[in-house]
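Have a look at start_6.tsv; it's TSV, C-alpha atoms and all ligand atoms:
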```
chain	number	residue	atom	x	y	z
V	1	MET	CA	-88.05	213.06	33.63
V	2	ASP	CA	-89.42	211.16	30.64
V	3	GLY	CA	-92.14	208.55	30.30
V	4	ASN	CA	-95.01	210.11	32.24
V	5	GLY	CA	-97.29	209.97	29.20
V	6	ARG	CA	-96.55	206.31	28.48
V	7	TRP	CA	-96.93	205.43	32.14
V	8	ALA	CA	-100.44	206.91	32.07
V	9	GLN	CA	-101.32	205.41	28.69
V	10	GLU	CA	-100.45	201.91	29.88
V	11	ARG	CA	-102.95	202.36	32.70
V	12	GLY	CA	-105.66	203.87	30.52
V	13	LEU	CA	-105.27	207.20	32.31
V	14	PRO	CA	-105.06	210.74	30.87
V	15	ARG	CA	-101.49	211.96	30.26
V	16	LEU	CA	-101.80	214.57	32.97
V	17	GLN	CA	-102.30	211.83	35.55
V	18	GLY	CA	-98.90	210.53	34.47
V	19	HIS	CA	-97.36	213.95	34.99
V	20	ARG	CA	-98.96	214.13	38.41
V	21	ALA	CA	-97.66	210.66	39.31
V	22	GLY	CA	-94.26	211.87	38.12
V	23	THR	CA	-94.25	214.55	40.81
V	24	GLU	CA	-94.99	212.12	43.60
V	25	ASN	CA	-91.57	210.46	43.59
V	26	ILE	CA	-89.61	213.69	43.45
V	27	ARG	CA	-89.06	214.09	47.18
V	28	LYS	CA	-87.82	210.51	47.53
V	29	VAL	CA	-85.56	210.83	44.49
V	30	ILE	CA	-83.95	213.96	45.91
V	31	SER	CA	-83.32	212.45	49.33
V	32	SER	CA	-82.02	209.24	47.78
V	33	PHE	CA	-79.44	211.09	45.65
V	34	ALA	CA	-78.55	213.28	48.64
V	35	GLY	CA	-78.07	210.10	50.71
V	36	HIS	CA	-75.68	208.78	48.06
V	37	GLY	CA	-73.56	211.90	48.46
V	38	VAL	CA	-74.68	213.69	45.30
V	39	ARG	CA	-74.19	217.45	45.74
V	40	TYR	CA	-75.98	218.74	42.63
V	41	LEU	CA	-79.10	217.27	41.08
V	42	THR	CA	-80.82	218.68	38.02
V	43	LEU	CA	-84.34	217.67	37.06
V	44	TYR	CA	-85.33	218.42	33.48
V	45	ALA	CA	-89.01	219.25	33.82
V	46	PHE	CA	-90.04	221.32	30.80
V	47	SER	CA	-88.10	222.25	27.69
V	48	VAL	CA	-88.68	225.30	25.52
V	49	GLU	CA	-89.83	222.83	22.85
V	50	ASN	CA	-92.52	221.43	25.17
V	51	TRP	CA	-94.63	224.52	24.35
V	52	ARG	CA	-95.42	222.64	21.12
V	53	ARG	CA	-97.66	220.23	23.02
V	54	PRO	CA	-101.44	220.71	23.07
V	55	ARG	CA	-102.49	223.76	25.07
V	56	ALA	CA	-104.26	221.74	27.74
V	57	GLU	CA	-101.16	219.66	28.44
V	58	VAL	CA	-98.93	222.75	28.59
V	59	GLN	CA	-101.38	224.45	30.97
V	60	GLY	CA	-101.52	221.28	33.05
V	61	LEU	CA	-97.74	221.07	33.29
V	62	LEU	CA	-97.42	224.74	34.23
V	63	SER	CA	-100.01	224.57	36.97
V	64	LEU	CA	-98.48	221.32	38.23
V	65	LEU	CA	-95.16	223.11	38.61
V	66	GLY	CA	-96.77	225.80	40.77
V	67	GLU	CA	-98.54	223.15	42.81
V	68	VAL	CA	-95.37	221.14	43.35
V	69	ILE	CA	-93.43	224.22	44.45
V	70	ASP	CA	-96.18	225.09	46.96
V	71	ARG	CA	-96.40	221.52	48.22
V	72	GLU	CA	-92.70	220.69	48.43
V	73	VAL	CA	-90.78	223.86	49.17
V	74	GLY	CA	-91.37	223.70	52.95
V	75	ASN	CA	-90.10	220.10	53.16
V	76	LEU	CA	-87.17	220.78	50.87
V	77	HIS	CA	-86.24	223.82	52.92
V	78	ARG	CA	-86.33	221.78	56.14
V	79	GLU	CA	-84.04	219.22	54.53
V	80	GLY	CA	-81.55	221.94	53.61
V	81	VAL	CA	-82.12	221.68	49.84
V	82	LYS	CA	-81.07	224.70	47.83
V	83	LEU	CA	-83.34	225.37	44.88
V	84	ASN	CA	-82.19	226.90	41.64
V	85	HIS	CA	-83.98	227.47	38.34
V	86	LEU	CA	-82.30	226.78	34.99
V	87	GLY	CA	-84.03	228.40	32.05
V	88	THR	CA	-86.00	231.54	31.44
V	89	LEU	CA	-88.98	232.87	33.33
V	90	ASP	CA	-90.12	234.73	30.19
V	91	GLY	CA	-93.46	233.44	29.00
V	92	LEU	CA	-94.52	232.17	32.44
V	93	SER	CA	-97.33	233.84	34.35
V	94	THR	CA	-96.32	236.51	36.87
V	95	ARG	CA	-97.77	234.32	39.60
V	96	LEU	CA	-95.62	231.34	38.64
V	97	GLN	CA	-92.54	233.54	38.25
V	98	LYS	CA	-93.07	234.84	41.77
V	99	ARG	CA	-93.43	231.33	43.16
V	100	VAL	CA	-90.19	230.20	41.52
V	101	LEU	CA	-88.30	233.30	42.68
V	102	SER	CA	-89.60	233.09	46.22
V	103	ALA	CA	-88.72	229.35	46.47
V	104	MET	CA	-85.17	230.19	45.36
V	105	ASP	CA	-84.98	233.08	47.76
V	106	ARG	CA	-86.27	231.05	50.68
V	107	THR	CA	-83.70	228.27	50.20
V	108	ARG	CA	-80.84	230.57	49.17
V	109	ASN	CA	-78.65	229.95	52.23
V	110	ASN	CA	-79.20	226.20	52.47
V	111	THR	CA	-76.11	224.04	52.36
V	112	GLY	CA	-77.57	220.62	51.47
V	113	ILE	CA	-77.99	219.21	47.97
V	114	SER	CA	-78.46	221.82	45.23
V	115	LEU	CA	-81.57	221.07	43.25
V	116	ASN	CA	-81.69	222.64	39.81
V	117	LEU	CA	-85.06	222.64	38.16
V	118	ALA	CA	-84.61	222.94	34.41
V	119	PHE	CA	-87.91	224.47	33.41
V	120	ASN	CA	-88.65	226.44	30.27
V	121	TYR	CA	-85.07	225.41	29.49
V	122	GLY	CA	-83.25	224.82	26.20
V	123	GLY	CA	-79.52	224.18	25.75
V	124	ARG	CA	-79.23	226.11	22.49
V	125	GLN	CA	-81.25	229.00	23.87
V	126	GLU	CA	-78.99	229.06	26.92
V	127	ILE	CA	-75.88	229.26	24.72
V	128	LEU	CA	-77.40	232.12	22.71
V	129	MET	CA	-78.37	233.91	25.92
V	130	ALA	CA	-74.75	233.71	27.06
V	131	VAL	CA	-73.40	234.86	23.67
V	132	ASN	CA	-75.69	237.87	23.71
V	133	LYS	CA	-74.77	238.73	27.28
V	134	LEU	CA	-71.09	238.58	26.35
V	135	LEU	CA	-71.70	240.73	23.25
V	136	GLU	CA	-73.16	243.39	25.53
V	137	GLN	CA	-69.79	243.52	27.28
V	138	ALA	CA	-67.92	243.25	23.98
V	139	ASN	CA	-65.41	245.98	24.71
V	140	SER	CA	-63.70	243.76	27.29
V	141	PRO	CA	-59.97	243.41	26.43
V	142	HIS	CA	-60.00	239.63	27.08
V	143	PRO	CA	-61.06	236.97	24.58
V	144	VAL	CA	-63.88	234.76	25.87
V	145	ASP	CA	-62.53	231.52	27.33
V	146	GLU	CA	-64.32	228.36	28.53
V	147	ALA	CA	-64.39	229.43	32.16
V	148	MET	CA	-65.87	232.81	31.33
V	149	PHE	CA	-68.44	231.28	29.02
V	150	SER	CA	-69.43	228.73	31.69
V	151	ARG	CA	-69.88	231.53	34.20
V	152	THR	CA	-72.31	233.27	31.85
V	153	LEU	CA	-74.65	230.28	31.54
V	154	TYR	CA	-77.66	229.56	33.78
V	155	THR	CA	-75.41	227.04	35.52
V	156	ALA	CA	-72.86	229.70	36.55
V	157	ASP	CA	-72.40	228.23	40.05
V	158	VAL	CA	-73.07	224.61	39.14
V	159	PRO	CA	-70.36	222.13	38.11
V	160	ASP	CA	-70.77	220.21	34.84
V	161	PRO	CA	-72.83	217.05	35.34
V	162	ASP	CA	-70.89	213.82	35.96
V	163	LEU	CA	-73.86	211.63	35.10
V	164	ILE	CA	-76.95	212.24	33.00
V	165	ILE	CA	-79.76	209.75	33.53
V	166	ARG	CA	-82.40	209.47	30.85
V	167	THR	CA	-85.60	207.65	31.78
V	168	ALA	CA	-88.11	205.90	29.48
V	169	GLY	CA	-85.44	204.44	27.20
V	170	GLU	CA	-84.77	207.41	24.94
V	171	LEU	CA	-81.26	207.83	23.51
V	172	ARG	CA	-81.10	211.51	22.67
V	173	MET	CA	-79.97	214.77	24.25
V	174	SER	CA	-83.20	216.72	23.77
V	175	ASN	CA	-81.48	220.09	24.08
V	176	PHE	CA	-80.28	219.39	27.62
V	177	LEU	CA	-77.15	221.11	29.01
V	178	LEU	CA	-75.43	220.97	25.62
V	179	TRP	CA	-72.34	222.91	26.67
V	180	GLN	CA	-72.10	221.43	30.16
V	181	SER	CA	-72.44	217.79	29.09
V	182	ALA	CA	-69.28	217.71	26.95
V	183	TYR	CA	-67.80	214.95	29.16
V	184	SER	CA	-70.83	213.74	31.11
V	185	GLU	CA	-71.48	210.02	31.35
V	186	TYR	CA	-74.81	209.01	29.86
V	187	TYR	CA	-77.10	206.37	31.26
V	188	SER	CA	-80.45	205.39	29.83
V	189	THR	CA	-83.00	203.23	31.59
V	190	SER	CA	-86.27	201.90	30.21
V	191	THR	CA	-87.97	202.75	33.53
V	192	TYR	CA	-90.66	205.42	33.18
V	193	TRP	CA	-90.12	208.48	35.37
V	194	PRO	CA	-93.04	207.78	37.78
V	195	ASP	CA	-91.46	204.36	38.51
V	196	PHE	CA	-87.95	205.74	38.98
V	197	ASN	CA	-87.19	204.61	42.53
V	198	GLU	CA	-84.33	203.77	44.88
V	199	GLU	CA	-83.56	200.55	43.04
V	200	ALA	CA	-83.37	202.38	39.71
V	201	ILE	CA	-81.14	205.05	41.27
V	202	GLU	CA	-78.78	202.43	42.65
V	203	ALA	CA	-78.58	200.71	39.26
V	204	ALA	CA	-77.68	204.03	37.62
V	205	LEU	CA	-75.03	204.86	40.22
V	206	GLN	CA	-73.61	201.34	40.02
V	207	ALA	CA	-73.28	201.64	36.23
V	208	TYR	CA	-71.66	205.04	36.66
V	209	SER	CA	-69.13	203.69	39.18
V	210	LEU	CA	-67.84	201.27	36.50
V	211	ARG	CA	-67.16	203.99	33.95
V	212	GLN	CA	-63.58	205.06	33.31
V	213	ARG	CA	-63.45	208.82	32.93
V	214	ARG	CA	-60.40	210.01	31.08
V	215	PHE	CA	-61.68	213.28	29.60
V	216	GLY	CA	-59.88	212.62	26.34
V	217	GLY	CA	-56.60	211.75	28.08
V	218	LEU	CA	-55.24	208.32	28.88
V	219	LYS	CA	-55.39	208.42	32.66
V	220	GLN	CA	-58.50	208.03	34.72
V	221	ARG	CA	-59.54	211.28	36.42
V	222	GLN	CA	-62.20	211.96	38.99
V	301	LIG	C1	-92.60	213.87	30.83
V	301	LIG	O1	-92.82	212.77	30.05
V	301	LIG	C2	-91.68	214.86	30.20
V	301	LIG	C3	-92.23	216.24	30.16
V	301	LIG	C4	-92.05	217.00	29.13
V	301	LIG	C5	-92.97	216.80	31.29
V	301	LIG	P1	-93.52	212.75	28.63
V	301	LIG	O2	-94.75	213.60	28.65
V	301	LIG	O3	-92.53	213.12	27.57
V	301	LIG	O4	-93.91	211.24	28.53
V	301	LIG	P2	-93.97	210.31	27.22
V	301	LIG	O5	-92.69	210.50	26.46
V	301	LIG	O6	-95.16	210.77	26.44
V	301	LIG	O7	-94.12	208.93	27.77
V	302	MG	MG	-91.36	212.08	26.26
```

Could you take the file, read its structure, and then write that structure out as structure tokens?
Amino acid sequence: MDGNGRWAQERGLPRLQGHRAGTENIRKVISSFAGHGVRYLTLYAFSVENWRRPRAEVQGLLSLLGEVIDREVGNLHREGVKLNHLGTLDGLSTRLQKRVLSAMDRTRNNTGISLNLAFNYGGRQEILMAVNKLLEQANSPHPVDEAMFSRTLYTADVPDPDLIIRTAGELRMSNFLLWQSAYSEYYSTSTYWPDFNEEAIEAALQAYSLRQRRFGGLKQRQ
């Protein structure tokens, strides 16, 4: 969800106002993707590298997360959204950890769109987490295969992404779902995250529908 800072800057506002604006479209974005038949949606909210930002911004982002959970979880629950966290809770306050866990618990049995919130997430860190977990069970007689490795990641129950949308015009991975994105389609839009609306979603899905996915083979596969 990139471009909050630039969105604010262009309006002469503090960066945190941009982050706040970036939370206001979240509910609409989720219901729009759900309406288009998307079953899993992941929002990349805070990377492990984002701790490098000035303290005030980090604090602002963390408290915004708590606020958004409090504000949105009731609505999301009513709409049948199932919440899931990708990343580590280590380093977050106990209060925030509890909020994240209770939001997941509350929506656990929902059968609507699965919403993954990648927060305090890093793709490399996730791979190392899985490697270390597998090392703990190292006396298993079976060599580690792709399926087993996938099941050890934060995304154990989540299929690999078909489409990754990057807002604010950047053309890099930024440590996002490195293992899972091996054959994802990429789409970058210059739209800043707070302006990412229905029209922008339709443009992304339209572009995706024109891609031919062959997964290294010669025949198109779905
Ligand atoms: C939001 O956008 C992404 C987060 C890490 C929360 P940015 O804060 O990266 O916005 P820009 O890149 O400065 O515009
Ligand atoms: Mg950015």

Using only C-alpha atoms and all ligand atoms, what table do you get, as a tab-separated table, when you list each residue of chain V with an atom no more than 7 Å from ligand LIG 301 (chain V), its nearest pair of atoms, and their distance in Å rounded to one decimal, rows by chain then rising number?
```
residue	atom	partner	partner_atom	distance
V:Met1	CA	V:LIG301	C2	5.3
V:Asp2	CA	V:LIG301	O1	3.8
V:Gly3	CA	V:LIG301	O7	3.2
V:Asn4	CA	V:LIG301	O4	4.0
V:Gly5	CA	V:LIG301	O6	3.6
V:Arg6	CA	V:LIG301	O7	3.6
V:Trp7	CA	V:LIG301	O7	6.3
V:His19	CA	V:LIG301	C1	6.3
V:Ala45	CA	V:LIG301	C5	5.3
V:Phe46	CA	V:LIG301	C4	5.0
V:Ser47	CA	V:LIG301	C4	6.7
V:Asn50	CA	V:LIG301	C4	6.0
V:Leu61	CA	V:LIG301	C5	6.7
V:Ala168	CA	V:LIG301	O7	6.9
```

Next on the checklist: At a cut-off of 12 Å, using all atoms listed in the file, what residues contact Gly87 in chain V? Leave out same-chain residues fewer than 5 positions from it and give the result as number ranges by chain.
Outcome noted: V: 42-48, 92, 97, 100, 116-127, 129-130, 153-155, 175-177

Item to check | For range 184-193 of chain V: contacts at 9 Å, all atoms listed in the file, fewer than 6 positions along chain excluded, given as a PyMOL selection string | outcome: chain V and resi 1-7+21-22+25+160-171+200+204+207-208+211+213

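Between ligand MG 302 (chain V) and the candidates V:Arg55, V:Arg172, V:Arg78, V:Arg214, the tightest atom-to-atom separation, counting only C-alpha atoms and all ligand atoms, involves V:Arg172.
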
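Each of V:Gly18, V:Gly12, V:Gly74, V:Gly37 was checked against ligand MG 302 (chain V) using all atoms listed in the file; the smallest atom-to-atom distance is that of V:Gly18.
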
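Among V:Arg20, V:Asp70, V:Arg27, V:Ser174, the residue with the shortest atom-to-atom distance to ligand MG 302 (chain V), counting all atoms listed in the file, is V:Ser174.
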
Next on the checklist: Please determine, counting all atoms listed in the file, which residue among V:Ala8, V:Leu86, V:Leu62, V:Ala103 has the shortest atom-to-atom distance to ligand MG 302 (chain V).
Outcome noted: V:Ala8
